[in-house]
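Trainee: Input file: data_8.cif. Contents: mmCIF, C-alpha atoms and all ligand atoms.
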data_run
#
loop_
_atom_site.group_PDB
_atom_site.id
_atom_site.type_symbol
_atom_site.label_atom_id
_atom_site.label_comp_id
_atom_site.auth_asym_id
_atom_site.auth_seq_id
_atom_site.Cartn_x
_atom_site.Cartn_y
_atom_site.Cartn_z
ATOM 1 C CA MET A 10 -176.954 -26.131 119.039
ATOM 2 C CA ASN A 11 -177.151 -24.584 122.497
ATOM 3 C CA LEU A 12 -179.011 -21.439 123.455
ATOM 4 C CA MET A 13 -175.947 -19.196 123.362
ATOM 5 C CA ALA A 14 -175.045 -20.453 119.908
ATOM 6 C CA GLN A 15 -178.459 -19.395 118.663
ATOM 7 C CA GLN A 16 -177.807 -15.901 119.980
ATOM 8 C CA ARG A 17 -174.672 -15.477 117.877
ATOM 9 C CA ARG A 18 -175.612 -13.257 114.975
ATOM 10 C CA THR A 19 -174.515 -14.717 111.665
ATOM 11 C CA LEU A 20 -171.883 -12.563 109.973
ATOM 12 C CA ILE A 21 -171.520 -12.594 106.210
ATOM 13 C CA ALA A 22 -168.330 -10.723 105.366
ATOM 14 C CA GLY A 23 -167.019 -9.956 101.912
ATOM 15 C CA ASN A 24 -163.263 -9.709 101.428
ATOM 16 C CA TRP A 25 -162.690 -7.747 98.253
ATOM 17 C CA LYS A 26 -158.934 -8.388 98.440
ATOM 18 C CA MET A 27 -157.023 -6.053 96.063
ATOM 19 C CA ASN A 28 -160.004 -5.430 93.798
ATOM 20 C CA GLY A 29 -162.156 -2.426 93.067
ATOM 21 C CA GLN A 30 -161.762 1.240 92.265
ATOM 22 C CA LEU A 31 -163.941 4.225 93.074
ATOM 23 C CA THR A 32 -166.393 3.825 90.196
ATOM 24 C CA ALA A 33 -166.707 0.058 90.418
ATOM 25 C CA ASN A 34 -167.059 0.237 94.219
ATOM 26 C CA SER A 35 -169.917 2.723 93.926
ATOM 27 C CA ALA A 36 -171.680 0.448 91.485
ATOM 28 C CA LEU A 37 -171.211 -2.661 93.630
ATOM 29 C CA LEU A 38 -172.257 -0.944 96.861
ATOM 30 C CA GLY A 39 -175.161 0.695 95.037
ATOM 31 C CA ASP A 40 -176.346 -2.731 93.882
ATOM 32 C CA LEU A 41 -176.049 -4.130 97.400
ATOM 33 C CA LEU A 42 -177.952 -1.180 98.868
ATOM 34 C CA ALA A 43 -180.644 -1.292 96.197
ATOM 35 C CA THR A 44 -181.759 -4.724 97.348
ATOM 36 C CA PRO A 45 -183.965 -4.713 100.442
ATOM 37 C CA LEU A 46 -182.091 -6.874 102.946
ATOM 38 C CA GLU A 47 -184.555 -8.879 104.969
ATOM 39 C CA SER A 48 -181.832 -10.966 106.491
ATOM 40 C CA THR A 49 -181.242 -10.744 110.209
ATOM 41 C CA CYS A 50 -177.558 -11.471 109.745
ATOM 42 C CA GLU A 51 -174.810 -8.893 109.907
ATOM 43 C CA ILE A 52 -173.343 -7.881 106.551
ATOM 44 C CA LEU A 53 -169.843 -6.548 106.128
ATOM 45 C CA VAL A 54 -167.516 -5.611 103.269
ATOM 46 C CA CYS A 55 -163.760 -5.536 103.902
ATOM 47 C CA VAL A 56 -162.187 -3.156 101.423
ATOM 48 C CA PRO A 57 -158.686 -1.845 100.653
ATOM 49 C CA SER A 58 -158.000 0.834 103.292
ATOM 50 C CA VAL A 59 -157.877 3.667 100.754
ATOM 51 C CA TYR A 60 -161.585 3.092 100.103
ATOM 52 C CA LEU A 61 -162.715 3.321 103.733
ATOM 53 C CA ALA A 62 -163.622 6.988 103.243
ATOM 54 C CA GLN A 63 -165.806 6.003 100.302
ATOM 55 C CA CYS A 64 -167.479 3.337 102.431
ATOM 56 C CA GLU A 65 -167.985 5.804 105.255
ATOM 57 C CA ALA A 66 -169.733 8.160 102.831
ATOM 58 C CA LEU A 67 -171.895 5.482 101.219
ATOM 59 C CA LEU A 68 -172.586 2.986 104.008
ATOM 60 C CA GLN A 69 -173.057 4.945 107.218
ATOM 61 C CA ARG A 70 -176.583 4.478 108.525
ATOM 62 C CA THR A 71 -177.172 1.529 106.170
ATOM 63 C CA PRO A 72 -177.436 -2.172 107.109
ATOM 64 C CA ILE A 73 -174.004 -2.823 105.572
ATOM 65 C CA ALA A 74 -170.893 -2.436 107.735
ATOM 66 C CA TYR A 75 -167.385 -2.043 106.393
ATOM 67 C CA GLY A 76 -163.944 -3.038 107.520
ATOM 68 C CA ALA A 77 -160.303 -3.179 106.475
ATOM 69 C CA GLN A 78 -158.199 -6.098 105.283
ATOM 70 C CA ASP A 79 -155.106 -5.539 107.401
ATOM 71 C CA VAL A 80 -153.735 -3.235 110.089
ATOM 72 C CA SER A 81 -150.389 -2.373 111.622
ATOM 73 C CA ALA A 82 -149.316 -3.996 114.871
ATOM 74 C CA HIS A 83 -148.213 -0.501 116.007
ATOM 75 C CA GLN A 84 -150.280 2.517 116.970
ATOM 76 C CA SER A 85 -148.012 5.143 115.353
ATOM 77 C CA GLY A 86 -144.412 5.843 114.416
ATOM 78 C CA ALA A 87 -141.792 5.122 111.792
ATOM 79 C CA TYR A 88 -143.572 2.314 109.915
ATOM 80 C CA THR A 89 -143.722 3.596 106.339
ATOM 81 C CA GLY A 90 -146.693 2.329 104.388
ATOM 82 C CA GLU A 91 -148.531 0.931 107.394
ATOM 83 C CA VAL A 92 -152.000 1.950 108.546
ATOM 84 C CA SER A 93 -152.650 2.052 112.291
ATOM 85 C CA PRO A 94 -155.807 0.912 114.082
ATOM 86 C CA ALA A 95 -156.471 4.523 115.147
ATOM 87 C CA MET A 96 -156.410 5.543 111.478
ATOM 88 C CA LEU A 97 -158.986 2.870 110.639
ATOM 89 C CA ALA A 98 -161.091 4.085 113.546
ATOM 90 C CA ASP A 99 -161.011 7.603 112.065
ATOM 91 C CA PHE A 100 -163.240 6.212 109.303
ATOM 92 C CA SER A 101 -165.614 4.489 111.761
ATOM 93 C CA CYS A 102 -164.267 1.151 110.630
ATOM 94 C CA LYS A 103 -165.582 -1.576 112.950
ATOM 95 C CA TYR A 104 -163.760 -4.672 111.696
ATOM 96 C CA VAL A 105 -160.371 -5.635 110.331
ATOM 97 C CA ILE A 106 -159.124 -8.925 108.914
ATOM 98 C CA VAL A 107 -155.820 -10.045 110.451
ATOM 99 C CA GLY A 108 -153.656 -12.989 109.488
ATOM 100 C CA HIS A 109 -155.255 -13.716 106.140
ATOM 101 C CA SER A 110 -153.356 -16.597 104.546
ATOM 102 C CA GLU A 111 -152.307 -14.327 101.672
ATOM 103 C CA ARG A 112 -150.583 -12.031 104.170
ATOM 104 C CA ARG A 113 -149.078 -14.966 106.035
ATOM 105 C CA ALA A 114 -147.740 -16.394 102.743
ATOM 106 C CA TYR A 115 -146.690 -13.308 100.760
ATOM 107 C CA HIS A 116 -145.738 -11.005 103.625
ATOM 108 C CA HIS A 117 -144.348 -13.662 105.959
ATOM 109 C CA GLU A 118 -146.611 -12.694 108.834
ATOM 110 C CA SER A 119 -145.958 -14.840 111.884
ATOM 111 C CA ASP A 120 -148.538 -16.030 114.405
ATOM 112 C CA GLU A 121 -147.036 -13.569 116.908
ATOM 113 C CA LEU A 122 -147.373 -10.606 114.531
ATOM 114 C CA VAL A 123 -150.975 -11.548 113.764
ATOM 115 C CA ALA A 124 -151.649 -11.714 117.502
ATOM 116 C CA GLN A 125 -150.213 -8.207 118.000
ATOM 117 C CA LYS A 126 -152.389 -6.889 115.178
ATOM 118 C CA ALA A 127 -155.474 -8.385 116.835
ATOM 119 C CA LEU A 128 -154.503 -6.877 120.187
ATOM 120 C CA GLN A 129 -153.846 -3.409 118.778
ATOM 121 C CA ALA A 130 -157.077 -3.438 116.744
ATOM 122 C CA LEU A 131 -159.061 -4.216 119.884
ATOM 123 C CA ARG A 132 -157.329 -1.329 121.688
ATOM 124 C CA SER A 133 -158.902 0.964 119.069
ATOM 125 C CA SER A 134 -162.282 -0.772 119.502
ATOM 126 C CA ILE A 135 -161.978 -2.521 116.140
ATOM 127 C CA CYS A 136 -163.004 -6.161 116.005
ATOM 128 C CA PRO A 137 -160.275 -8.346 114.500
ATOM 129 C CA ILE A 138 -161.343 -11.169 112.193
ATOM 130 C CA VAL A 139 -158.525 -13.609 112.892
ATOM 131 C CA CYS A 140 -157.898 -15.960 109.964
ATOM 132 C CA VAL A 141 -156.502 -19.439 110.507
ATOM 133 C CA GLY A 142 -156.123 -22.326 108.090
ATOM 134 C CA GLU A 143 -153.926 -25.138 106.882
ATOM 135 C CA THR A 144 -152.263 -25.679 103.519
ATOM 136 C CA LEU A 145 -153.030 -28.754 101.424
ATOM 137 C CA GLU A 146 -149.694 -30.260 102.399
ATOM 138 C CA GLN A 147 -150.466 -29.781 106.085
ATOM 139 C CA ARG A 148 -153.931 -31.317 105.687
ATOM 140 C CA GLU A 149 -152.546 -34.305 103.849
ATOM 141 C CA ALA A 150 -149.995 -34.768 106.622
ATOM 142 C CA GLY A 151 -152.870 -34.895 109.138
ATOM 143 C CA ARG A 152 -151.758 -31.626 110.766
ATOM 144 C CA THR A 153 -154.897 -29.514 110.257
ATOM 145 C CA ASN A 154 -155.973 -29.289 113.899
ATOM 146 C CA GLU A 155 -152.448 -28.699 115.153
ATOM 147 C CA ILE A 156 -151.924 -25.825 112.682
ATOM 148 C CA VAL A 157 -155.182 -23.996 113.300
ATOM 149 C CA VAL A 158 -154.981 -24.436 117.070
ATOM 150 C CA THR A 159 -151.414 -23.055 117.125
ATOM 151 C CA GLN A 160 -152.525 -20.045 115.055
ATOM 152 C CA LEU A 161 -155.490 -19.396 117.352
ATOM 153 C CA ARG A 162 -153.549 -19.948 120.589
ATOM 154 C CA ALA A 163 -151.005 -17.263 119.586
ATOM 155 C CA VAL A 164 -153.868 -14.748 119.596
ATOM 156 C CA MET A 165 -155.405 -16.165 122.783
ATOM 157 C CA ASP A 166 -152.043 -15.756 124.528
ATOM 158 C CA VAL A 167 -152.088 -11.957 124.205
ATOM 159 C CA LEU A 168 -155.762 -11.337 125.012
ATOM 160 C CA ASP A 169 -157.561 -11.413 128.331
ATOM 161 C CA ASP A 170 -160.887 -13.234 128.540
ATOM 162 C CA GLY A 171 -162.950 -10.102 127.883
ATOM 163 C CA ALA A 172 -160.981 -9.210 124.759
ATOM 164 C CA LEU A 173 -161.050 -12.802 123.551
ATOM 165 C CA ALA A 174 -164.848 -12.809 123.599
ATOM 166 C CA ARG A 175 -164.835 -9.837 121.199
ATOM 167 C CA ILE A 176 -162.885 -11.373 118.314
ATOM 168 C CA VAL A 177 -164.190 -13.148 115.232
ATOM 169 C CA VAL A 178 -162.329 -16.200 113.937
ATOM 170 C CA ALA A 179 -162.329 -17.242 110.276
ATOM 171 C CA TYR A 180 -161.355 -20.765 109.296
ATOM 172 C CA GLU A 181 -159.997 -20.538 105.777
ATOM 173 C CA PRO A 182 -158.327 -23.700 104.501
ATOM 174 C CA VAL A 183 -155.632 -22.350 102.181
ATOM 175 C CA TRP A 184 -156.340 -25.043 99.574
ATOM 176 C CA ALA A 185 -159.953 -23.877 99.293
ATOM 177 C CA ILE A 186 -159.252 -20.187 98.735
ATOM 178 C CA GLY A 187 -160.005 -19.067 95.195
ATOM 179 C CA THR A 188 -159.701 -22.633 93.934
ATOM 180 C CA GLY A 189 -163.356 -23.601 93.634
ATOM 181 C CA LYS A 190 -162.616 -26.469 96.062
ATOM 182 C CA THR A 191 -164.670 -26.161 99.217
ATOM 183 C CA ALA A 192 -164.326 -28.032 102.458
ATOM 184 C CA THR A 193 -167.394 -30.221 102.858
ATOM 185 C CA PRO A 194 -169.741 -28.989 105.583
ATOM 186 C CA GLU A 195 -168.612 -31.927 107.749
ATOM 187 C CA MET A 196 -164.916 -31.172 107.232
ATOM 188 C CA ALA A 197 -165.427 -27.506 108.067
ATOM 189 C CA GLN A 198 -167.642 -28.289 111.068
ATOM 190 C CA GLU A 199 -164.981 -30.602 112.483
ATOM 191 C CA VAL A 200 -162.359 -27.836 112.441
ATOM 192 C CA HIS A 201 -164.795 -25.208 113.720
ATOM 193 C CA ALA A 202 -165.631 -27.488 116.662
ATOM 194 C CA VAL A 203 -161.921 -27.877 117.436
ATOM 195 C CA LEU A 204 -161.484 -24.092 117.346
ATOM 196 C CA ARG A 205 -164.449 -23.581 119.668
ATOM 197 C CA ALA A 206 -163.171 -26.229 122.071
ATOM 198 C CA THR A 207 -159.809 -24.432 122.097
ATOM 199 C CA LEU A 208 -161.534 -21.175 123.038
ATOM 200 C CA ALA A 209 -163.515 -23.026 125.714
ATOM 201 C CA GLU A 210 -160.321 -24.256 127.361
ATOM 202 C CA ARG A 211 -159.745 -20.614 128.308
ATOM 203 C CA SER A 212 -163.269 -19.258 128.608
ATOM 204 C CA GLU A 213 -166.663 -20.896 128.094
ATOM 205 C CA PHE A 214 -168.104 -17.417 127.704
ATOM 206 C CA ALA A 215 -165.730 -16.571 124.843
ATOM 207 C CA ALA A 216 -166.355 -19.929 123.200
ATOM 208 C CA ASP A 217 -170.083 -19.225 123.174
ATOM 209 C CA LYS A 218 -169.712 -15.636 122.064
ATOM 210 C CA VAL A 219 -167.027 -15.782 119.355
ATOM 211 C CA ARG A 220 -168.303 -16.214 115.833
ATOM 212 C CA ILE A 221 -166.350 -18.643 113.697
ATOM 213 C CA LEU A 222 -166.711 -17.961 109.971
ATOM 214 C CA TYR A 223 -165.879 -20.310 107.137
ATOM 215 C CA GLY A 224 -164.010 -18.990 104.097
ATOM 216 C CA GLY A 225 -162.817 -20.699 100.946
ATOM 217 C CA SER A 226 -164.854 -20.833 97.738
ATOM 218 C CA MET A 227 -168.126 -20.195 99.559
ATOM 219 C CA LYS A 228 -170.714 -19.637 96.836
ATOM 220 C CA PRO A 229 -174.501 -19.271 96.599
ATOM 221 C CA ASP A 230 -174.840 -22.988 95.837
ATOM 222 C CA ASN A 231 -172.871 -24.285 98.823
ATOM 223 C CA ALA A 232 -173.483 -21.546 101.411
ATOM 224 C CA LYS A 233 -176.665 -22.952 102.908
ATOM 225 C CA GLU A 234 -175.293 -26.389 103.767
ATOM 226 C CA LEU A 235 -172.148 -24.863 105.283
ATOM 227 C CA LEU A 236 -174.087 -22.285 107.302
ATOM 228 C CA GLU A 237 -176.397 -24.967 108.682
ATOM 229 C CA MET A 238 -173.534 -26.516 110.615
ATOM 230 C CA PRO A 239 -173.776 -25.772 114.347
ATOM 231 C CA ASP A 240 -170.338 -24.172 114.696
ATOM 232 C CA ILE A 241 -170.311 -22.240 111.416
ATOM 233 C CA ASP A 242 -171.506 -18.756 112.303
ATOM 234 C CA GLY A 243 -171.022 -17.058 108.968
ATOM 235 C CA GLY A 244 -168.791 -16.736 105.962
ATOM 236 C CA LEU A 245 -165.769 -14.793 104.792
ATOM 237 C CA ILE A 246 -166.377 -14.532 101.078
ATOM 238 C CA GLY A 247 -163.735 -13.639 98.512
ATOM 239 C CA GLY A 248 -164.589 -13.975 94.814
ATOM 240 C CA ALA A 249 -168.349 -14.205 95.287
ATOM 241 C CA SER A 250 -168.381 -10.918 97.239
ATOM 242 C CA LEU A 251 -167.393 -9.019 94.109
ATOM 243 C CA LYS A 252 -170.723 -9.776 92.418
ATOM 244 C CA ALA A 253 -173.737 -8.269 94.143
ATOM 245 C CA VAL A 254 -176.090 -11.072 93.074
ATOM 246 C CA ASP A 255 -173.812 -13.783 94.416
ATOM 247 C CA PHE A 256 -173.059 -11.992 97.662
ATOM 248 C CA LEU A 257 -176.749 -11.275 98.219
ATOM 249 C CA ALA A 258 -177.640 -14.889 97.462
ATOM 250 C CA ILE A 259 -175.226 -15.971 100.214
ATOM 251 C CA VAL A 260 -176.787 -13.438 102.584
ATOM 252 C CA ALA A 261 -180.203 -14.862 101.658
ATOM 253 C CA ALA A 262 -178.955 -18.403 102.357
ATOM 254 C CA ALA A 263 -177.915 -17.252 105.831
HETATM 255 P P1 LIG A 301 -162.676 -17.143 97.932
HETATM 256 O O1 LIG A 301 -164.084 -17.026 98.440
HETATM 257 O O2 LIG A 301 -162.434 -16.380 96.665
HETATM 258 O O3 LIG A 301 -162.208 -18.560 97.893
HETATM 259 O O4 LIG A 301 -161.742 -16.399 99.024
HETATM 260 C C1 LIG A 301 -161.863 -16.710 100.353
HETATM 261 C C2 LIG A 301 -161.067 -15.740 101.122
HETATM 262 O O5 LIG A 301 -159.853 -15.749 101.081
HETATM 263 C C3 LIG A 301 -161.794 -14.738 101.925
HETATM 264 O O6 LIG A 301 -160.935 -14.090 102.802
#
Could you spell out this file's structure in structure tokens?
Mentor:
Amino acid sequence: MNLMAQQRRTLIAGNWKMNGQLTANSALLGDLLATPLESTCEILVCVPSVYLAQCEALLQRTPIAYGAQDVSAHQSGAYTGEVSPAMLADFSCKYVIVGHSERRAYHHESDELVAQKALQALRSSICPIVCVGETLEQREAGRTNEIVVTQLRAVMDVLDDGALARIVVAYEPVWAIGTGKTATPEMAQEVHAVLRATLAERSEFAADKVRILYGGSMKPDNAKELLEMPDIDGGLIGGASLKAVDFLAIVAAA
């Protein structure tokens, strides 16, 4: 691990997906806040946008940051049902997930749309967490690197070097999401290294600065070995982020 890599602050991000309601959220956040967090890593929960106000009320001036799970590629206008980056910023939201595989699969989001979302988020000073990942079929066909590099390059194409250095990337193999199957640390590290090398082709600075998270059935019992890998700078946690003890155990492992 080089010096710059050691300066990257580990980010443990929970993705609640479409889970939670006011009462349950208060309980979960209360449990997270009740535990003294000695970790030096950054902790983030990505919640459904309607609960950002609740997060703003409960999490401001605490060690836990909050973010959204999606954002519009437009700043305003006739886009019924969409939420713009400026609207997220109204709630002091610092992060947003873009291009999650569930949005790519169920909402047919293209690489180009994901790239526009990342660009527009950055214009509102919100850090996009850009998700990339291959399906099982693509992995078995030996296309993993090609798929993730294409997904990342689409975002790189619309950002200048300064903006590129501000994004977070999350490698989430689709076959590992919610399945209990995890990429081995070596498998994940291999892809993370490819992603970092792709960033380095454009900017060594960005490659050193950008945090690359792993997501896909990360749990308390496998987090440590994944997070020890040199190019794994954190985790994007789904199921295990809905239980305070599990999420905190992953934070402790980091
Ligand atoms: P799981 O941790 O439930 O596999 O979900 C991963 C994920 O999709 C996070 O964005």
Trainee: Please provide as a list in words all residues within 9 Å of Asn34 (chain A), with the sequence filter that same-chain residues fewer than 4 positions apart are discarded (counting all atoms listed in the file).
Mentor: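 Counting all atoms listed in the file, the residues come to Gly29, Gln30, Leu38, Gly39, Tyr60, Gln63 and Cys64 of chain A.
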Trainee: Record the distance separating CA of Gly244 (chain A) and CA of Pro72 (chain A), expressed in Å with one decimal.
Mentor: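 Taking CA of Gly244 (chain A) as the start and CA of Pro72 (chain A) as the end point, the length is 17.0 Å.
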Trainee: Would you name the residues within 7 Å of ligand LIG 301 (chain A), counting only C-alpha atoms and all ligand atoms, and put them as a list in words?
Mentor: Asn24, His109, Glu181, Ala185, Ile186, Gly187, Thr188, Gly189, Gly224, Gly225, Ser226, Met227, Leu245, Ile246, Gly247, Gly248 and Ala249 of chain A
Trainee: Kindly list the centre and edge lengths in Å, rounded to one decimal, for the axis-aligned box that covers all listed atoms of region 175-187 of chain A plus 6 Å on each of its six sides, as lines of an AutoDock Vina configuration file.
Mentor:
center_x = -160.2
center_y = -17.4
center_z = 108.2
size_x = 21.2
size_y = 27.2
size_z = 38.0
Trainee: Work out how far CA of Val92 (chain A) is from CA of Ala130 (chain A), in Å to one decimal.
Mentor: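 Calculated distance between CA of Ala130 (chain A) and CA of Val92 (chain A) is 11.0 Å.
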Trainee: CA of Leu41 (chain A) and CA of Leu67 (chain A) are how many Å apart?
Mentor: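 Atom-to-atom, CA of Leu41 (chain A) and CA of Leu67 (chain A) are spaced 11.1 Å apart.
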Trainee: Between region 100-149 of chain A and region 191-205 of chain A, at 12 Å or less, what are the per-residue closest atom pairs and their distances in Å? Count all atoms listed in the file, order by chain and rising residue number, and return it as CSV.
Mentor:
residue,atom,partner,partner_atom,distance
A:Val139,CA,A:Leu204,CA,11.8
A:Cys140,CA,A:Leu204,CA,11.6
A:Val141,CA,A:Leu204,CA,9.7
A:Gly142,CA,A:Val200,CA,9.4
A:Glu143,CA,A:Val200,CA,10.5
A:Leu145,CA,A:Ala192,CA,11.4
A:Arg148,CA,A:Met196,CA,11.1
Trainee: Taking all atoms listed in the file into account, which of A:Asp166, A:Asp230, A:Asp217, A:Glu210 comes nearest Val123 (chain A)?
Mentor: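 Selected residue with least distance to Val123 (chain A): A:Asp166.
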Trainee: Between A:Asp79, A:Glu111, A:Glu47, A:Asp240, which residue has the minimum interatomic distance to Ala262 (chain A), considering all atoms listed in the file?
Mentor: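 Nearest candidate to Ala262 (chain A) out of A:Asp79, A:Glu111, A:Glu47, A:Asp240: A:Glu47.
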Trainee: Go through the shown structure with the PyMOL selection byres (((chain A and resi 61) around 9) and not hetatm) and write out the matching residues as a list in words.
Mentor: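 This file, filtered by the PyMOL selection byres (((chain A and resi 61) around 9) and not hetatm), leaves Cys55, Val56, Pro57, Ser58, Val59, Tyr60, Ala62, Gln63, Cys64, Glu65, Ala66, Tyr75, Gly76, Ala77, Leu97, Phe100, Ser101 and Cys102 of chain A.
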Trainee: So, counting only C-alpha atoms, which residue among A:Leu37, A:Cys136, A:Lys252, A:Arg18 is closest to Lys218 (chain A)?
Mentor: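 Going through A:Leu37, A:Cys136, A:Lys252, A:Arg18 one by one, the smallest distance to Lys218 (chain A) is for A:Arg18.
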Trainee: Name all residues at most 7 Å from Lys228 (chain A) (count all atoms listed in the file; drop same-chain ones fewer than 3 positions away) and give them as a short mmCIF file (atom, residue, chain, number, x, y, z; two decimals) with C-alpha atoms, in the frame of the given file.
Mentor:
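As a result, part_13.cif now contains:
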data_model
loop_
_atom_site.label_atom_id
_atom_site.label_comp_id
_atom_site.auth_asym_id
_atom_site.auth_seq_id
_atom_site.Cartn_x
_atom_site.Cartn_y
_atom_site.Cartn_z
CA ASN A 231 -172.87 -24.28 98.82
CA ALA A 232 -173.48 -21.55 101.41
CA ALA A 249 -168.35 -14.20 95.29
CA ILE A 259 -175.23 -15.97 100.21
#
Trainee: Which residues of region 50-155 of chain A come within 12 Å of region 167-170 of chain A, and for each one, what is the closest pair of atoms and their distance in Å to one decimal, counting all atoms listed in the file, sorted by chain and residue number, as JSON lines?
Mentor:
{"residue": "A:Asp120", "atom": "CA", "partner": "A:Val167", "partner_atom": "CA", "distance": 11.2}
{"residue": "A:Glu121", "atom": "CA", "partner": "A:Val167", "partner_atom": "CA", "distance": 9.0}
{"residue": "A:Leu122", "atom": "CA", "partner": "A:Val167", "partner_atom": "CA", "distance": 10.8}
{"residue": "A:Val123", "atom": "CA", "partner": "A:Val167", "partner_atom": "CA", "distance": 10.5}
{"residue": "A:Ala124", "atom": "CA", "partner": "A:Val167", "partner_atom": "CA", "distance": 6.7}
{"residue": "A:Gln125", "atom": "CA", "partner": "A:Val167", "partner_atom": "CA", "distance": 7.5}
{"residue": "A:Lys126", "atom": "CA", "partner": "A:Val167", "partner_atom": "CA", "distance": 10.4}
{"residue": "A:Ala127", "atom": "CA", "partner": "A:Leu168", "partner_atom": "CA", "distance": 8.7}
{"residue": "A:Leu128", "atom": "CA", "partner": "A:Leu168", "partner_atom": "CA", "distance": 6.7}
{"residue": "A:Gln129", "atom": "CA", "partner": "A:Leu168", "partner_atom": "CA", "distance": 10.3}
{"residue": "A:Ala130", "atom": "CA", "partner": "A:Leu168", "partner_atom": "CA", "distance": 11.5}
{"residue": "A:Leu131", "atom": "CA", "partner": "A:Leu168", "partner_atom": "CA", "distance": 9.4}
{"residue": "A:Arg132", "atom": "CA", "partner": "A:Leu168", "partner_atom": "CA", "distance": 10.7}
{"residue": "A:Pro137", "atom": "CA", "partner": "A:Leu168", "partner_atom": "CA", "distance": 11.8}
